[in-house]
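> Here you go, run.cif (mmCIF, C-alpha atoms and all ligand atoms):
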data_data
loop_
_atom_site.label_atom_id
_atom_site.label_comp_id
_atom_site.auth_asym_id
_atom_site.auth_seq_id
_atom_site.Cartn_x
_atom_site.Cartn_y
_atom_site.Cartn_z
CA MET X 17 -75.73 0.06 24.24
CA LEU X 18 -76.01 -3.72 23.82
CA HIS X 19 -77.72 -6.45 25.82
CA ASN X 20 -75.89 -9.63 24.96
CA GLU X 21 -76.87 -13.16 25.87
CA TRP X 22 -75.41 -16.59 25.33
CA ASN X 23 -77.72 -18.93 23.44
CA GLY X 24 -75.68 -21.96 24.37
CA SER X 25 -71.99 -22.76 24.25
CA GLY X 26 -70.20 -20.84 21.56
CA SER X 27 -72.99 -18.64 20.28
CA GLY X 28 -75.22 -15.84 21.40
CA TYR X 29 -77.14 -12.82 20.33
CA PHE X 30 -77.42 -9.21 21.24
CA LEU X 31 -79.99 -6.43 21.11
CA GLU X 32 -79.23 -2.76 20.87
CA TYR X 33 -81.07 -0.45 23.23
CA ALA X 34 -81.09 3.30 23.67
CA LYS X 35 -81.57 3.65 27.42
CA ILE X 36 -81.91 1.84 30.70
CA LEU X 37 -85.31 2.58 32.24
CA TYR X 38 -84.71 0.57 35.40
CA THR X 39 -82.38 -1.90 37.00
CA GLY X 40 -82.83 -3.48 40.40
CA GLN X 41 -83.15 -6.63 42.45
CA THR X 42 -86.43 -8.15 43.55
CA ARG X 43 -86.60 -10.63 46.42
CA TYR X 44 -85.94 -13.41 43.91
CA GLN X 45 -84.12 -12.17 40.83
CA SER X 46 -82.42 -9.23 39.17
CA ILE X 47 -84.73 -7.17 36.98
CA ALA X 48 -83.88 -4.71 34.22
CA LEU X 49 -85.86 -2.75 31.68
CA TYR X 50 -84.38 -1.27 28.54
CA GLU X 51 -85.88 0.95 25.88
CA SER X 52 -84.93 0.23 22.26
CA HIS X 53 -85.82 2.17 19.11
CA GLN X 54 -86.48 -0.99 17.08
CA PHE X 55 -88.12 -3.25 19.66
CA GLY X 56 -89.74 -1.06 22.28
CA LYS X 57 -89.30 -2.11 25.90
CA ILE X 58 -87.19 -5.13 26.85
CA LEU X 59 -87.71 -6.97 30.16
CA VAL X 60 -84.70 -8.92 31.50
CA LEU X 61 -84.71 -11.21 34.55
CA ASP X 62 -81.44 -12.63 35.90
CA GLY X 63 -79.74 -11.55 32.70
CA CYS X 64 -82.19 -13.34 30.37
CA ILE X 65 -84.58 -11.59 28.02
CA GLN X 66 -88.16 -12.41 29.03
CA VAL X 67 -90.29 -10.15 26.92
CA ILE X 68 -89.73 -7.68 24.06
CA GLU X 69 -92.65 -5.38 23.44
CA SER X 70 -92.52 -5.73 19.63
CA ASP X 71 -92.16 -9.52 19.57
CA GLU X 72 -93.94 -10.88 22.64
CA TYR X 73 -96.86 -12.43 20.69
CA HIS X 74 -94.46 -14.89 19.01
CA TYR X 75 -94.24 -16.62 22.38
CA HIS X 76 -97.56 -15.91 24.07
CA GLU X 77 -99.79 -16.98 21.16
CA PRO X 78 -98.38 -20.50 20.56
CA MET X 79 -98.06 -21.16 24.31
CA VAL X 80 -101.78 -20.48 24.88
CA HIS X 81 -103.53 -21.32 21.63
CA LEU X 82 -101.89 -24.66 20.89
CA PRO X 83 -103.57 -26.26 23.97
CA LEU X 84 -106.69 -24.09 24.27
CA LEU X 85 -107.73 -24.56 20.64
CA MET X 86 -107.13 -28.32 21.01
CA HIS X 87 -109.09 -28.85 24.24
CA GLN X 88 -112.82 -29.43 23.66
CA ASN X 89 -114.01 -27.28 26.58
CA PRO X 90 -111.24 -25.57 28.60
CA GLU X 91 -113.20 -24.27 31.59
CA HIS X 92 -110.52 -24.27 34.29
CA VAL X 93 -107.03 -23.01 33.45
CA CYS X 94 -103.92 -22.64 35.60
CA ILE X 95 -100.99 -20.38 34.69
CA ILE X 96 -97.69 -21.00 36.46
CA GLY X 97 -95.35 -17.99 36.24
CA GLY X 98 -96.19 -15.52 33.49
CA GLY X 99 -95.69 -12.36 35.54
CA ASP X 100 -95.74 -10.02 32.54
CA GLY X 101 -99.36 -10.95 31.85
CA GLY X 102 -99.00 -11.95 28.18
CA ILE X 103 -100.18 -15.52 28.75
CA LEU X 104 -103.08 -14.29 30.89
CA ARG X 105 -104.11 -11.85 28.14
CA GLU X 106 -104.40 -14.63 25.57
CA VAL X 107 -106.23 -17.02 27.94
CA CYS X 108 -108.82 -14.32 28.73
CA LYS X 109 -109.86 -14.33 25.05
CA TYR X 110 -111.68 -17.67 25.57
CA GLN X 111 -115.33 -17.33 26.58
CA ALA X 112 -115.34 -21.04 27.51
CA VAL X 113 -112.82 -20.38 30.29
CA LYS X 114 -114.63 -19.99 33.61
CA THR X 115 -111.73 -19.78 36.09
CA ILE X 116 -108.07 -18.80 35.74
CA ASP X 117 -105.72 -19.55 38.65
CA MET X 118 -102.37 -17.85 38.23
CA VAL X 119 -99.41 -18.48 40.54
CA GLU X 120 -96.44 -16.13 40.11
CA LEU X 121 -93.47 -16.22 42.47
CA ASP X 122 -92.49 -12.58 42.22
CA GLY X 123 -95.18 -9.98 42.75
CA GLU X 124 -92.69 -7.29 41.83
CA VAL X 125 -92.55 -8.62 38.25
CA ILE X 126 -96.32 -8.12 37.98
CA GLN X 127 -96.18 -4.63 39.50
CA PHE X 128 -93.21 -3.74 37.32
CA SER X 129 -94.86 -5.05 34.15
CA GLN X 130 -98.08 -3.22 34.94
CA LYS X 131 -96.19 0.00 35.45
CA TYR X 132 -93.78 -0.07 32.53
CA PHE X 133 -95.62 -2.07 29.85
CA PRO X 134 -99.27 -2.54 30.78
CA GLU X 135 -100.11 -3.26 27.13
CA ILE X 136 -98.68 -6.79 27.46
CA ALA X 137 -101.37 -7.76 30.00
CA SER X 138 -103.89 -5.38 28.35
CA GLY X 139 -105.97 -5.09 31.53
CA SER X 140 -106.34 -8.88 31.96
CA PHE X 141 -105.24 -8.76 35.60
CA ALA X 142 -108.66 -7.18 36.24
CA ASP X 143 -110.52 -10.12 34.67
CA ALA X 144 -113.13 -11.40 37.14
CA ARG X 145 -112.21 -15.02 36.35
CA LEU X 146 -108.66 -14.54 37.66
CA SER X 147 -107.50 -15.75 41.05
CA LEU X 148 -103.88 -14.61 41.53
CA THR X 149 -101.52 -16.26 44.01
CA ILE X 150 -98.10 -14.78 44.71
CA GLY X 151 -95.92 -17.75 45.59
CA ASP X 152 -93.84 -20.65 44.35
CA GLY X 153 -95.46 -22.52 41.49
CA ARG X 154 -94.28 -25.89 42.72
CA SER X 155 -95.68 -25.41 46.23
CA TYR X 156 -98.98 -24.26 44.76
CA ILE X 157 -99.33 -27.25 42.46
CA GLU X 158 -98.35 -29.71 45.19
CA ARG X 159 -100.90 -28.24 47.65
CA THR X 160 -103.89 -27.22 45.56
CA THR X 161 -106.99 -29.39 45.71
CA LYS X 162 -108.19 -27.96 42.39
CA ARG X 163 -108.09 -29.79 39.06
CA TYR X 164 -107.51 -28.14 35.71
CA ASP X 165 -108.40 -28.68 32.08
CA VAL X 166 -105.24 -26.88 30.93
CA ILE X 167 -102.09 -25.96 32.85
CA ILE X 168 -99.71 -23.50 31.17
CA MET X 169 -96.23 -23.00 32.61
CA ASP X 170 -94.59 -19.75 31.50
CA MET X 171 -91.32 -20.05 33.34
CA THR X 172 -87.88 -18.51 33.33
CA ASP X 173 -84.98 -20.65 32.09
CA PRO X 174 -84.23 -23.66 34.34
CA PHE X 175 -81.89 -22.06 36.83
CA GLY X 176 -82.41 -19.78 39.79
CA PRO X 177 -85.91 -19.73 41.34
CA SER X 178 -87.46 -21.90 38.61
CA VAL X 179 -85.04 -24.83 38.65
CA MET X 180 -87.29 -27.18 40.66
CA LEU X 181 -90.12 -26.77 38.16
CA TYR X 182 -88.26 -28.76 35.50
CA THR X 183 -88.03 -32.11 37.31
CA ARG X 184 -89.83 -35.44 37.05
CA GLU X 185 -91.24 -35.01 40.54
CA PHE X 186 -92.78 -31.65 39.68
CA PHE X 187 -94.18 -32.88 36.37
CA THR X 188 -95.77 -35.77 38.29
CA ALA X 189 -97.44 -33.27 40.61
CA VAL X 190 -98.70 -31.29 37.59
CA LYS X 191 -100.21 -34.42 36.04
CA GLU X 192 -102.08 -35.14 39.30
CA LYS X 193 -103.76 -31.70 39.07
CA LEU X 194 -105.16 -32.29 35.58
CA ARG X 195 -108.89 -33.04 35.59
CA ASN X 196 -108.95 -35.99 33.22
CA ALA X 197 -107.36 -37.72 30.23
CA GLU X 198 -108.49 -34.89 27.96
CA SER X 199 -106.58 -32.29 30.00
CA LEU X 200 -103.39 -30.70 28.65
CA PHE X 201 -100.15 -29.29 30.04
CA ILE X 202 -97.81 -27.01 28.05
CA MET X 203 -94.46 -25.45 28.87
CA HIS X 204 -91.59 -24.03 26.83
CA SER X 205 -88.73 -26.47 26.36
CA GLU X 206 -85.89 -24.17 25.30
CA SER X 207 -84.18 -24.23 21.91
CA PRO X 208 -83.45 -27.53 20.11
CA LYS X 209 -80.79 -25.68 18.14
CA PHE X 210 -78.92 -23.76 20.81
CA ARG X 211 -79.62 -25.86 23.93
CA PRO X 212 -80.17 -29.34 22.44
CA MET X 213 -79.39 -31.23 25.65
CA THR X 214 -81.72 -29.07 27.74
CA PHE X 215 -84.48 -29.38 25.13
CA SER X 216 -84.19 -33.16 24.85
CA SER X 217 -83.84 -33.70 28.60
CA ILE X 218 -87.03 -31.77 29.26
CA HIS X 219 -88.89 -33.94 26.73
CA ALA X 220 -87.32 -37.15 28.03
CA THR X 221 -88.32 -36.23 31.57
CA LEU X 222 -91.89 -35.29 30.60
CA SER X 223 -92.18 -38.59 28.72
CA THR X 224 -91.59 -40.52 31.96
CA VAL X 225 -94.71 -38.84 33.38
CA PHE X 226 -97.17 -38.18 30.54
CA ASN X 227 -98.55 -40.71 28.07
CA ASP X 228 -98.18 -38.30 25.19
CA VAL X 229 -95.57 -35.52 24.87
CA VAL X 230 -95.45 -33.64 21.58
CA PRO X 231 -92.79 -31.02 20.71
CA CYS X 232 -94.00 -27.87 18.98
CA PHE X 233 -91.80 -25.22 17.39
CA HIS X 234 -91.78 -21.53 16.56
CA THR X 235 -89.01 -19.08 15.73
CA ILE X 236 -88.82 -16.54 18.52
CA ALA X 237 -86.30 -13.80 17.71
CA MET X 238 -86.39 -12.43 21.26
CA TYR X 239 -84.98 -15.75 22.50
CA GLY X 240 -82.36 -15.97 19.78
CA GLY X 241 -84.09 -18.14 17.17
CA LEU X 242 -85.80 -21.54 16.97
CA TRP X 243 -87.71 -22.18 20.20
CA SER X 244 -89.85 -25.08 21.38
CA PHE X 245 -92.81 -26.02 23.52
CA ALA X 246 -93.82 -29.36 25.03
CA LEU X 247 -97.53 -30.20 24.80
CA CYS X 248 -98.42 -33.04 27.18
CA SER X 249 -101.46 -35.25 27.68
CA PRO X 250 -102.09 -37.78 30.46
CA GLY X 251 -104.07 -39.71 27.84
CA GLN X 252 -103.56 -39.95 24.10
CA ASN X 253 -105.34 -36.73 23.36
CA ILE X 254 -102.95 -34.56 21.44
CA ILE X 255 -104.96 -34.47 18.25
CA ILE X 256 -104.73 -31.52 15.87
CA PRO X 257 -108.29 -30.21 15.38
CA GLU X 258 -109.75 -30.20 11.87
CA GLU X 259 -109.27 -26.98 9.92
CA ARG X 260 -112.98 -26.13 10.04
CA VAL X 261 -112.96 -26.47 13.84
CA LEU X 262 -109.86 -24.29 14.13
CA THR X 263 -111.36 -21.70 11.77
CA LYS X 264 -114.57 -21.49 13.81
CA LYS X 265 -112.77 -21.23 17.14
CA LEU X 266 -110.31 -18.67 15.83
CA GLU X 267 -113.12 -16.51 14.47
CA ALA X 268 -114.51 -16.29 18.01
CA LEU X 269 -111.13 -15.16 19.36
CA GLY X 270 -110.57 -12.29 16.98
CA PRO X 271 -107.42 -11.68 14.90
CA LEU X 272 -104.15 -13.19 16.10
CA LYS X 273 -100.67 -12.47 14.73
CA VAL X 274 -99.16 -15.96 14.66
CA ILE X 275 -101.85 -18.61 14.94
CA THR X 276 -104.15 -19.32 11.97
CA PRO X 277 -105.66 -22.66 10.90
CA ASP X 278 -102.65 -23.22 8.62
CA SER X 279 -99.91 -22.00 10.96
CA TYR X 280 -101.40 -23.98 13.87
CA LYS X 281 -100.65 -27.27 12.15
CA SER X 282 -97.17 -26.13 11.11
CA LYS X 283 -96.10 -25.74 14.76
CA PHE X 284 -96.22 -29.53 15.11
CA ILE X 285 -93.71 -30.24 12.30
CA CYS X 286 -90.78 -32.06 13.92
CA GLU X 287 -87.84 -32.29 11.50
CA PRO X 288 -85.67 -35.42 11.35
CA TRP X 289 -82.65 -33.78 13.05
CA ILE X 290 -84.84 -32.94 16.04
CA LYS X 291 -86.34 -36.43 16.17
CA SER X 292 -82.79 -37.82 16.27
CA LEU X 293 -81.95 -35.42 19.09
CA LEU X 294 -84.95 -36.62 21.11
CA VAL X 295 -83.83 -40.22 20.67
CA SER X 296 -80.14 -39.57 21.38
CA ASN X 297 -80.37 -37.73 24.71
CA THR X 298 -82.68 -39.19 27.30
CA LYS X 299 -81.22 -37.72 30.47
CA ILE X 300 -84.00 -37.51 33.07
CA ILE X 301 -84.09 -34.42 35.27
CA THR X 302 -84.95 -35.16 38.90
CA ASP X 303 -85.01 -33.24 42.16
CA ALA X 304 -81.73 -34.93 43.03
CA ASP X 305 -80.10 -34.29 39.65
CA HIS X 306 -81.42 -31.16 37.99
CA GLY X 307 -78.31 -30.16 36.08
CA PHE X 308 -78.82 -29.53 32.38
CA LEU X 309 -75.87 -30.39 30.20
CA ASP X 310 -75.81 -27.20 28.15
CA LEU X 311 -77.35 -24.55 30.31
CA PHE X 312 -75.56 -22.68 33.07
CA PRO X 313 -76.56 -19.49 34.80
CA GLU X 314 -73.49 -17.79 33.48
CA ASN X 315 -74.81 -18.57 29.98
CA ALA X 316 -77.38 -15.94 30.63
CA GLN X 317 -75.25 -12.93 30.17
CA GLN X 318 -71.63 -12.38 29.44
CA SER X 319 -69.80 -9.22 28.51
CA PHE X 320 -68.77 -9.82 24.94
N1 LIG Y 401 -91.29 -16.13 28.44
C1 LIG Y 401 -90.22 -16.17 29.40
C2 LIG Y 401 -89.26 -17.27 29.07
O1 LIG Y 401 -89.60 -18.10 28.23
O2 LIG Y 401 -88.17 -17.27 29.65
C3 LIG Y 401 -90.82 -16.29 30.77
C4 LIG Y 401 -91.53 -15.03 31.11
S1 LIG Y 401 -92.31 -14.88 32.63
C5 LIG Y 401 -91.77 -13.26 33.01
C6 LIG Y 401 -91.40 -15.93 33.73
C7 LIG Y 401 -91.96 -15.79 35.12
O3 LIG Y 401 -91.66 -16.95 35.91
C8 LIG Y 401 -91.38 -14.59 35.90
O4 LIG Y 401 -92.42 -13.68 36.18
C9 LIG Y 401 -90.81 -15.22 37.17
O5 LIG Y 401 -90.95 -14.40 38.31
C10 LIG Y 401 -91.64 -16.49 37.27
N2 LIG Y 401 -91.07 -17.55 38.13
C11 LIG Y 401 -89.77 -17.91 38.26
N3 LIG Y 401 -89.66 -18.91 39.16
C12 LIG Y 401 -90.92 -19.20 39.60
C13 LIG Y 401 -91.46 -20.12 40.54
N4 LIG Y 401 -90.66 -20.97 41.24
N5 LIG Y 401 -92.81 -20.14 40.75
C14 LIG Y 401 -93.62 -19.27 40.06
N6 LIG Y 401 -93.17 -18.34 39.17
C15 LIG Y 401 -91.83 -18.33 38.94
#
If you took the structure in this file and wrote it as structure tokens, what would it be?
Ligand code: SAM


Amino acid sequence: MLHNEWNGSGSGYFLEYAKILYTGQTRYQSIALYESHQFGKILVLDGCIQVIESDEYHYHEPMVHLPLLMHQNPEHVCIIGGGDGGILREVCKYQAVKTIDMVELDGEVIQFSQKYFPEIASGSFADARLSLTIGDGRSYIERTTKRYDVIIMDMTDPFGPSVMLYTREFFTAVKEKLRNAESLFIMHSESPKFRPMTFSSIHATLSTVFNDVVPCFHTIAMYGGLWSFALCSPGQNIIIPEERVLTKKLEALGPLKVITPDSYKSKFICEPWIKSLLVSNTKIITDADHGFLDLFPENAQQSF
């Protein structure tokens, strides 16, 4: 059997799986779990692949270690979304982190992930530093009185329940909950190759809020290919640490599968075609106009 998914207009990808372990509807989204010989378990929300057991670290490692290795002393971290627990698992590796506030809309995703693939979270939901809120990430950020050194947003694609977490107004609220100019915010920003307008609009919108917005890149097969992240600073503090600093910090974390002192720097390489893309499309996403030019819910899954 095949799970197929549009990347963007005119192209897509598919994954073969052997059996359906579960399909259903939570209060917020459809949820499916497949079992594949090559990839292990595959979690799908609203028709979009979220996590593949064999490949998940390609997403979770860059998303966490790009900001946390850069920040001098990340004591207070906030995770928005991330129901499968992969982001939380990587954050828990930092002894410097004193508190982790996690706000996930759909408690059923957490329960489901814990039941069917607990190895993704690897027990991190039991970490004493974690304070878990089940609710909307935007409401939490707008209401919390806390301030964070690093905020990590691990969100579904910008449609459905996550759509209002990709707007200038929300990014402004995120910036207000960062502790100081050294704080960092990271989120994924889709694929510059398959969803160029969505990618560049997210960066254009972030750039109206943050002083410094730097695109980072990694090939993530489970999302169809070249993927991106947006690393944001309210100051001018996106500075790649020296190799000796990265080496020392990475030694304390234990072995990773993607991030090393060399690969860390390579994630910041922005090729000329992408720079041109960032200059060419500057559509700002707002609460009033949150339509992306190359991303529609029906992109998520079509029967080929
Ligand atoms: N890595 C995936 C990706 O890049 O598409 C995201 C994985 S993670 C499972 C996405 C999480 O965002 C899900 O658990 C989903 O329930 C959560 N989510 C969606 N909308 C949300 C919202 N408004 N507030 C908080 N969490 C939300």

> Counting all atoms listed in the file, what are the residues, protein, DNA or RNA alike, that approach ligand LIG 401 (chain Y) to within 7 Å? I want them as a list in words.

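So, counting all atoms listed in the file, the residues near ligand LIG 401 (chain Y) are Ile65, Gln66, Val67, Tyr75, Ile96, Gly97, Gly98, Gly99, Asp100, Val119, Glu120, Leu121, Asp122, Val125, Gly151, Asp152, Gly153, Arg154, Asp170, Met171, Thr172, Asp173, Pro177, Ser178, Leu181 and His204 of chain X.
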
> Any idea what the distance is between CA of Lys193 (chain X) and CA of Cys94 (chain X)?

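These atoms are spaced 9.7 Å apart.
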
> Would you mind listing what lies within 8 Å of Ser244 (chain X) as a ChimeraX atom specification, with only C-alpha atoms counted and same-chain residues fewer than 3 positions away left out?

/X:204-208,215,231-234

> Quick one: distance from CA of His92 (chain X) to CA of Thr115 (chain X) in Å, one decimal?

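Those two atoms sit 5.0 Å apart.
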
> Kindly indicate which residue among X:Leu104, X:Ile236, X:Ile116, X:Val60 lies nearest to His81 (chain X), using all atoms listed in the file for the distances.

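Checking each of X:Leu104, X:Ile236, X:Ile116, X:Val60 against His81 (chain X), counting all atoms listed in the file, the winner is X:Leu104.
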
> Go through X:Leu82, X:Cys248, X:Glu32, X:Ile300 and flag the residue nearest Ser279 (chain X), using all atoms listed in the file for the distances.

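Closest candidate: X:Leu82.
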
> Name the closest residue to Ile275 (chain X) among the candidates X:Leu262, X:Ile47, X:Ile290, X:Leu309; distances are taken between atoms, counting all atoms listed in the file.

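When distances to Ile275 (chain X) are compared using all atoms listed in the file, the smallest one comes from X:Leu262.
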
> Could you check how far CA of Ser52 (chain X) sits from CA of Gly101 (chain X), in Å to one decimal?

20.6 Å

> So that I can check the surroundings of Val274 (chain X), please list as a list in words every protein, DNA and RNA residue that reaches within 8 Å of it, counting all atoms listed in the file and ignoring chain neighbours fewer than 4 positions away.

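Once the nearby chain positions are removed, what remains is Tyr73, His74, Glu77, Pro78 and Ser279 of chain X.
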
> Counting only C-alpha atoms, which residues have an atom no more than 9 Å from (-99.3, -40.1, 24.7) in the file's coordinates? Please list them as a VMD selection string.

chain X and resid 223 226 to 230 248 to 254

> Within 12 Å of (-109.3, -18.9, 28.7) in the file's own coordinates, which protein, DNA or RNA residues have an atom, counting only C-alpha atoms? List them as a PyMOL selection string.

chain X and resi 80-81+83-85+87+89-95+103-118+140+143-146+164-168+269
